[in-house]
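Asks: The file below is entry.cif, mmCIF, C-alpha atoms:
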data_entry
loop_
_atom_site.group_PDB
_atom_site.id
_atom_site.type_symbol
_atom_site.label_atom_id
_atom_site.label_comp_id
_atom_site.auth_asym_id
_atom_site.auth_seq_id
_atom_site.Cartn_x
_atom_site.Cartn_y
_atom_site.Cartn_z
ATOM 1 C CA MET A 209 48.720 49.394 56.335
ATOM 2 C CA SER A 210 50.088 51.776 58.930
ATOM 3 C CA LEU A 211 48.307 52.986 62.046
ATOM 4 C CA VAL A 212 47.777 56.756 61.854
ATOM 5 C CA THR A 213 48.416 58.023 65.355
ATOM 6 C CA PRO A 214 49.299 61.210 67.209
ATOM 7 C CA LEU A 215 52.852 61.425 68.467
ATOM 8 C CA HIS A 216 51.836 61.144 72.139
ATOM 9 C CA ASP A 217 50.345 57.669 71.517
ATOM 10 C CA LEU A 218 53.492 56.177 69.994
ATOM 11 C CA ALA A 219 54.775 55.039 73.393
ATOM 12 C CA SER A 220 51.777 52.714 73.796
ATOM 13 C CA GLN A 221 52.301 50.959 70.465
ATOM 14 C CA PRO A 222 53.839 47.473 70.411
ATOM 15 C CA SER A 223 57.241 46.772 68.947
ATOM 16 C CA GLY A 224 57.027 46.216 65.194
ATOM 17 C CA GLN A 225 53.788 48.187 64.787
ATOM 18 C CA LYS A 226 53.791 50.175 61.537
ATOM 19 C CA VAL A 227 52.794 53.779 62.281
ATOM 20 C CA ARG A 228 52.290 57.049 60.485
ATOM 21 C CA PHE A 229 52.419 60.371 62.294
ATOM 22 C CA LEU A 230 52.945 64.079 61.791
ATOM 23 C CA SER A 231 55.280 66.012 64.025
ATOM 24 C CA CYS A 232 57.540 69.007 64.333
ATOM 25 C CA LEU A 233 61.311 68.821 63.892
ATOM 26 C CA PHE A 234 63.318 69.775 66.965
ATOM 27 C CA SER A 235 66.685 68.680 65.616
ATOM 28 C CA TYR A 236 68.515 66.362 63.243
ATOM 29 C CA ASP A 237 71.643 64.506 64.339
ATOM 30 C CA ILE A 238 73.791 64.117 61.231
ATOM 31 C CA PRO A 239 76.180 61.344 62.380
ATOM 32 C CA THR A 240 73.340 59.017 63.421
ATOM 33 C CA SER A 241 70.705 60.181 60.869
ATOM 34 C CA THR A 242 68.293 60.685 63.754
ATOM 35 C CA LEU A 243 65.352 63.079 63.643
ATOM 36 C CA ILE A 244 64.239 64.368 67.024
ATOM 37 C CA LEU A 245 60.546 65.188 66.694
ATOM 38 C CA HIS A 246 57.889 66.620 68.996
ATOM 39 C CA GLN A 247 54.233 67.586 68.903
ATOM 40 C CA PHE A 248 54.259 71.388 68.776
ATOM 41 C CA PRO A 249 54.131 73.232 71.131
ATOM 42 C CA ASP A 250 54.884 70.409 73.629
ATOM 43 C CA LEU A 251 58.607 70.291 74.420
ATOM 44 C CA ALA A 252 58.255 67.659 77.144
ATOM 45 C CA ARG A 253 57.815 64.568 74.911
ATOM 46 C CA PHE A 254 59.983 63.614 71.963
ATOM 47 C CA VAL A 255 60.329 60.757 69.495
ATOM 48 C CA LYS A 256 63.666 59.658 68.072
ATOM 49 C CA VAL A 257 63.343 58.587 64.454
ATOM 50 C CA ASN A 258 66.113 56.515 62.900
ATOM 51 C CA ALA A 259 66.097 57.913 59.360
ATOM 52 C CA THR A 260 69.100 55.929 58.086
ATOM 53 C CA ALA A 261 67.019 54.114 55.437
ATOM 54 C CA THR A 262 65.658 57.432 54.129
ATOM 55 C CA VAL A 263 68.750 59.607 54.387
ATOM 56 C CA GLY A 264 69.203 59.655 50.591
ATOM 57 C CA THR A 265 65.772 61.238 50.193
ATOM 58 C CA LEU A 266 66.186 63.907 52.876
ATOM 59 C CA ASN A 267 66.713 67.418 51.605
ATOM 60 C CA MET A 268 69.131 68.945 54.094
ATOM 61 C CA GLY A 269 67.748 72.388 53.319
ATOM 62 C CA SER A 270 64.315 71.342 54.581
ATOM 63 C CA LEU A 271 65.633 70.121 57.936
ATOM 64 C CA ALA A 272 65.005 73.419 59.668
ATOM 65 C CA LYS A 273 63.972 73.413 63.298
ATOM 66 C CA GLY A 274 60.203 73.824 63.516
ATOM 67 C CA GLY A 275 59.421 72.219 60.152
ATOM 68 C CA TRP A 276 56.569 69.699 60.025
ATOM 69 C CA TRP A 277 57.299 66.126 58.904
ATOM 70 C CA ASN A 278 55.268 63.072 57.958
ATOM 71 C CA VAL A 279 56.822 59.813 59.124
ATOM 72 C CA VAL A 280 55.965 56.216 58.271
ATOM 73 C CA GLY A 281 57.941 53.602 60.127
ATOM 74 C CA TYR A 282 58.055 50.802 62.655
ATOM 75 C CA ILE A 283 58.114 51.066 66.415
ATOM 76 C CA GLU A 284 61.522 49.842 67.523
ATOM 77 C CA GLU A 285 61.875 47.040 70.045
ATOM 78 C CA ASN A 286 63.315 49.292 72.746
ATOM 79 C CA ASN A 287 60.280 51.566 72.555
ATOM 80 C CA ASN A 288 60.175 52.152 76.313
ATOM 81 C CA PRO A 289 63.249 54.338 76.768
ATOM 82 C CA ASP A 290 65.134 54.478 80.010
ATOM 83 C CA GLN A 291 64.048 57.199 82.399
ATOM 84 C CA GLY A 292 67.347 58.983 81.776
ATOM 85 C CA ASP A 293 66.829 59.321 78.011
ATOM 86 C CA LYS A 294 66.268 63.045 77.526
ATOM 87 C CA VAL A 295 66.480 65.664 74.827
ATOM 88 C CA HIS A 296 68.537 68.658 75.869
ATOM 89 C CA GLY A 297 68.664 71.872 73.894
ATOM 90 C CA ASP A 298 72.450 71.976 74.021
ATOM 91 C CA LYS A 299 72.825 68.473 72.503
ATOM 92 C CA ALA A 300 70.939 69.117 69.265
ATOM 93 C CA THR A 301 72.534 69.467 65.845
ATOM 94 C CA LYS A 302 71.136 70.261 62.427
ATOM 95 C CA GLY A 303 72.204 71.676 59.116
ATOM 96 C CA ASP A 304 74.083 70.334 56.151
ATOM 97 C CA GLY A 305 76.956 68.940 58.176
ATOM 98 C CA ASN A 306 79.453 71.751 57.965
ATOM 99 C CA SER A 307 80.901 72.930 61.232
ATOM 100 C CA GLN A 308 79.623 76.491 60.846
ATOM 101 C CA ASP A 309 76.011 75.294 60.655
ATOM 102 C CA ARG A 310 76.506 73.000 63.621
ATOM 103 C CA ALA A 311 78.245 75.709 65.605
ATOM 104 C CA SER A 312 75.571 78.309 64.958
ATOM 105 C CA PHE A 313 72.823 75.836 65.803
ATOM 106 C CA SER A 314 74.633 74.805 68.984
ATOM 107 C CA ARG A 315 74.716 78.440 70.127
ATOM 108 C CA GLU A 316 70.991 78.741 69.344
ATOM 109 C CA ALA A 317 70.242 75.447 71.101
ATOM 110 C CA LYS A 318 72.175 76.401 74.246
ATOM 111 C CA GLU A 319 69.708 79.224 74.712
ATOM 112 C CA ASP A 320 66.891 76.655 74.457
ATOM 113 C CA LYS A 321 66.158 75.262 77.926
ATOM 114 C CA THR A 322 64.471 72.137 76.548
ATOM 115 C CA ASN A 323 64.736 69.090 78.767
ATOM 116 C CA GLY A 324 62.175 66.623 77.446
ATOM 117 C CA GLU A 325 61.665 62.878 77.660
ATOM 118 C CA VAL A 326 62.032 60.527 74.704
ATOM 119 C CA ILE A 327 58.772 58.547 74.697
ATOM 120 C CA ALA A 328 59.360 56.334 71.639
ATOM 121 C CA ARG A 329 61.779 55.265 68.943
ATOM 122 C CA VAL A 330 60.752 54.675 65.341
ATOM 123 C CA ARG A 331 62.693 53.176 62.418
ATOM 124 C CA ALA A 332 61.550 55.236 59.427
ATOM 125 C CA ILE A 333 60.829 53.796 56.007
ATOM 126 C CA MET A 334 59.487 57.100 54.630
ATOM 127 C CA VAL A 335 59.825 60.713 55.737
ATOM 128 C CA TRP A 336 58.727 63.805 53.866
ATOM 129 C CA PRO A 337 58.056 67.445 54.696
ATOM 130 C CA ALA A 338 54.433 68.342 55.424
ATOM 131 C CA GLU A 339 54.422 71.562 53.464
ATOM 132 C CA GLY A 340 51.137 73.436 53.341
ATOM 133 C CA MET A 341 49.579 71.134 55.946
ATOM 134 C CA ASN A 342 46.751 72.468 58.097
ATOM 135 C CA VAL A 343 48.054 70.916 61.323
ATOM 136 C CA ALA A 344 44.990 71.785 63.421
ATOM 137 C CA LYS A 345 42.676 70.149 60.874
ATOM 138 C CA TYR A 346 44.965 67.115 60.672
ATOM 139 C CA ASN A 347 44.914 66.688 64.461
ATOM 140 C CA ARG A 348 41.100 67.012 64.557
ATOM 141 C CA THR A 349 40.772 64.400 61.828
ATOM 142 C CA ILE A 350 43.063 61.989 63.687
ATOM 143 C CA GLU A 351 41.026 62.389 66.875
ATOM 144 C CA GLU A 352 37.772 61.832 64.955
ATOM 145 C CA MET A 353 39.231 58.682 63.370
ATOM 146 C CA ARG A 354 40.244 57.387 66.796
ATOM 147 C CA GLU A 355 36.751 57.986 68.195
ATOM 148 C CA VAL A 356 35.171 56.096 65.291
ATOM 149 C CA GLN A 357 37.656 53.248 65.813
ATOM 150 C CA LYS A 358 36.775 53.071 69.538
ATOM 151 C CA GLU A 359 33.069 52.911 68.690
ATOM 152 C CA MET A 360 33.703 50.170 66.133
ATOM 153 C CA ASP A 361 35.809 48.193 68.622
ATOM 154 C CA MET A 362 33.085 48.510 71.249
ATOM 155 C CA ALA A 363 30.386 47.393 68.807
ATOM 156 C CA MET A 364 32.525 44.425 67.738
ATOM 157 C CA SER A 365 33.122 43.344 71.338
ATOM 158 C CA LEU A 366 29.375 43.603 72.088
ATOM 159 C CA ASN A 367 28.537 41.574 68.976
ATOM 160 C CA LEU A 368 31.141 38.935 69.814
ATOM 161 C CA GLY A 369 29.733 38.743 73.342
ATOM 162 C CA ASN A 370 26.230 38.173 71.965
ATOM 163 C CA VAL A 371 27.460 35.475 69.575
ATOM 164 C CA SER A 372 29.299 33.555 72.320
ATOM 165 C CA GLN A 373 26.208 33.643 74.577
ATOM 166 C CA SER A 374 23.948 32.064 71.921
#
Re-express the file's structure as structure tokens.
Replies:
Amino acid sequence: MSLVTPLHDLASQPSGQKVRFLSCLFSYDIPTSTLILHQFPDLARFVKVNATATVGTLNMGSLAKGGWWNVVGYIEENNNPDQGDKVHGDKATKGDGNSQDRASFSREAKEDKTNGEVIARVRAIMVWPAEGMNVAKYNRTIEEMREVQKEMDMAMSLNLGNVSQS
């Protein structure tokens, strides 16, 4: 089972942890099959998703900047990126691989002053577009699930404390 988590919590997950998250596509690097994702509208924190295992299922037409994506994958071992690992608007590529698409996106990206930090790396086993998703409702549900989990963890720790004292 995968841990459903918001993008900003991926950096705190241990290597090998299976996660599921929803995020917004910033760019797709064709040569490395890497999705660069962020939690809209935040352009300060990004996640690099190695989508090599899923590249056959990706519809290049749906890889438009700003599209929402579901990701299931594993936190990679080097999850704590170096301080210098950044996402720059002028480094992004997307499209179906032809030079015209890349060139037009590069011009668009150069106007984007994005300079964000990569907070995590994930090796994807499944990715799919989140079409028709109510993102605000999804985020509220995730936060509610996390609160319930915290309460359950607290209750368990109190119960374990009572058992060990008897």
Asks: I need every residue sitting at most 8 Å from the point (57.4, 66.4, 77.6) (coordinates as in the file, only C-alpha atoms considered), written as a compact mmCIF listing (two decimals) with C-alpha atoms, in the coordinates of the input.
Replies:
# COMPACT_ATOMS: atom_id res chain seq x y z
CA ASP A 250 54.88 70.41 73.63
CA LEU A 251 58.61 70.29 74.42
CA ALA A 252 58.26 67.66 77.14
CA ARG A 253 57.82 64.57 74.91
CA PHE A 254 59.98 63.61 71.96
CA ASN A 323 64.74 69.09 78.77
CA GLY A 324 62.18 66.62 77.45
CA GLU A 325 61.66 62.88 77.66
Asks: Let me have the centre and edge lengths in Å, one decimal, of the box along x, y and z around every listed atom of range 336-354 of chain A with 5 Å of margin on each side, as lines of an AutoDock Vina configuration file.
Replies:
center_x = 48.2
center_y = 65.4
center_z = 60.1
size_x = 31.0
size_y = 26.0
size_z = 23.5
Asks: Would you translate the PyMOL selection byres ((chain A and resi 215) around 10) into the concrete set of residues it matches in this file, as a PyMOL selection string?
Replies: chain A and resi 212-214+216-219+227-232+245-247+253-255+327-328
Asks: Given all atoms listed in the file as the basis, pick out the residue of A:Ala272, A:Val280, A:Ser210, A:Pro249 nearest to Arg331 in chain A.
Replies: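 With all atoms listed in the file as the atom set, the closest residue is A:Val280.
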Asks: Take CA of Leu211 in chain A and CA of Thr260 in chain A and report the distance between them in Å, one decimal.
Replies: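 Answer for the CA of Leu211 in chain A to CA of Thr260 in chain A separation: 21.4 Å.
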Asks: Report, in Å with one decimal, the straight-line distance from CA of Ile333 in chain A to CA of Ala259 in chain A.
Replies: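 So the two atoms, CA of Ile333 in chain A and CA of Ala259 in chain A, lie 7.5 Å apart.
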Asks: May I ask for the distance between CA of Met334 in chain A and CA of Leu243 in chain A, given in Å to one decimal place?
Replies: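 Separation of CA of Met334 in chain A and CA of Leu243 in chain A: 12.3 Å.
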Asks: For a quick check of understanding, using all atoms listed in the file, which of A:Glu284, A:Trp336, A:Asp237, A:Trp276 has the smallest distance to Gly264 in chain A?
Replies: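 Counting all atoms listed in the file, the residue closest to Gly264 in chain A is A:Trp336.
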Asks: When you count all atoms listed in the file, which of these residues is closest to Lys273 in chain A: A:Val335, A:Ile244, A:Met362, A:Val343?
Replies: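 Going through A:Val335, A:Ile244, A:Met362, A:Val343 one by one, the smallest distance to Lys273 in chain A is for A:Ile244.
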Asks: For the PyMOL selection byres ((chain A and resi 337) around 9), applied here, can you spell out every residue it catches as a list in words?
Replies: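 Answer for the PyMOL selection byres ((chain A and resi 337) around 9): Ser270, Leu271, Gly275, Trp276, Trp277, Asn278, Val279, Val335, Trp336, Ala338 and Glu339 of chain A.
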Asks: Residues of the last selection are to be written out with C-alpha atoms, as a CSV table (one decimal), in the coordinates of the input.
Replies:
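Writing the result to selection33.csv gives the following:
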chain,number,residue,atom,x,y,z
A,270,SER,CA,64.3,71.3,54.6
A,271,LEU,CA,65.6,70.1,57.9
A,275,GLY,CA,59.4,72.2,60.2
A,276,TRP,CA,56.6,69.7,60.0
A,277,TRP,CA,57.3,66.1,58.9
A,278,ASN,CA,55.3,63.1,58.0
A,279,VAL,CA,56.8,59.8,59.1
A,335,VAL,CA,59.8,60.7,55.7
A,336,TRP,CA,58.7,63.8,53.9
A,338,ALA,CA,54.4,68.3,55.4
A,339,GLU,CA,54.4,71.6,53.5
Asks: When the PyMOL selection byres ((chain A and resi 258) around 9) is applied to the file above, which residues end up in the set, as a JSON list (two decimals) with C-alpha atoms, in the coordinates of the input?
Replies:
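Output file expr30.json is given in full below:
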[["chain", "number", "residue", "atom", "x", "y", "z"],
["A", 240, "THR", "CA", 73.34, 59.02, 63.42],
["A", 241, "SER", "CA", 70.70, 60.18, 60.87],
["A", 242, "THR", "CA", 68.29, 60.68, 63.75],
["A", 243, "LEU", "CA", 65.35, 63.08, 63.64],
["A", 256, "LYS", "CA", 63.67, 59.66, 68.07],
["A", 257, "VAL", "CA", 63.34, 58.59, 64.45],
["A", 259, "ALA", "CA", 66.10, 57.91, 59.36],
["A", 260, "THR", "CA", 69.10, 55.93, 58.09],
["A", 261, "ALA", "CA", 67.02, 54.11, 55.44],
["A", 262, "THR", "CA", 65.66, 57.43, 54.13],
["A", 329, "ARG", "CA", 61.78, 55.26, 68.94],
["A", 330, "VAL", "CA", 60.75, 54.68, 65.34],
["A", 331, "ARG", "CA", 62.69, 53.18, 62.42],
["A", 332, "ALA", "CA", 61.55, 55.24, 59.43]]
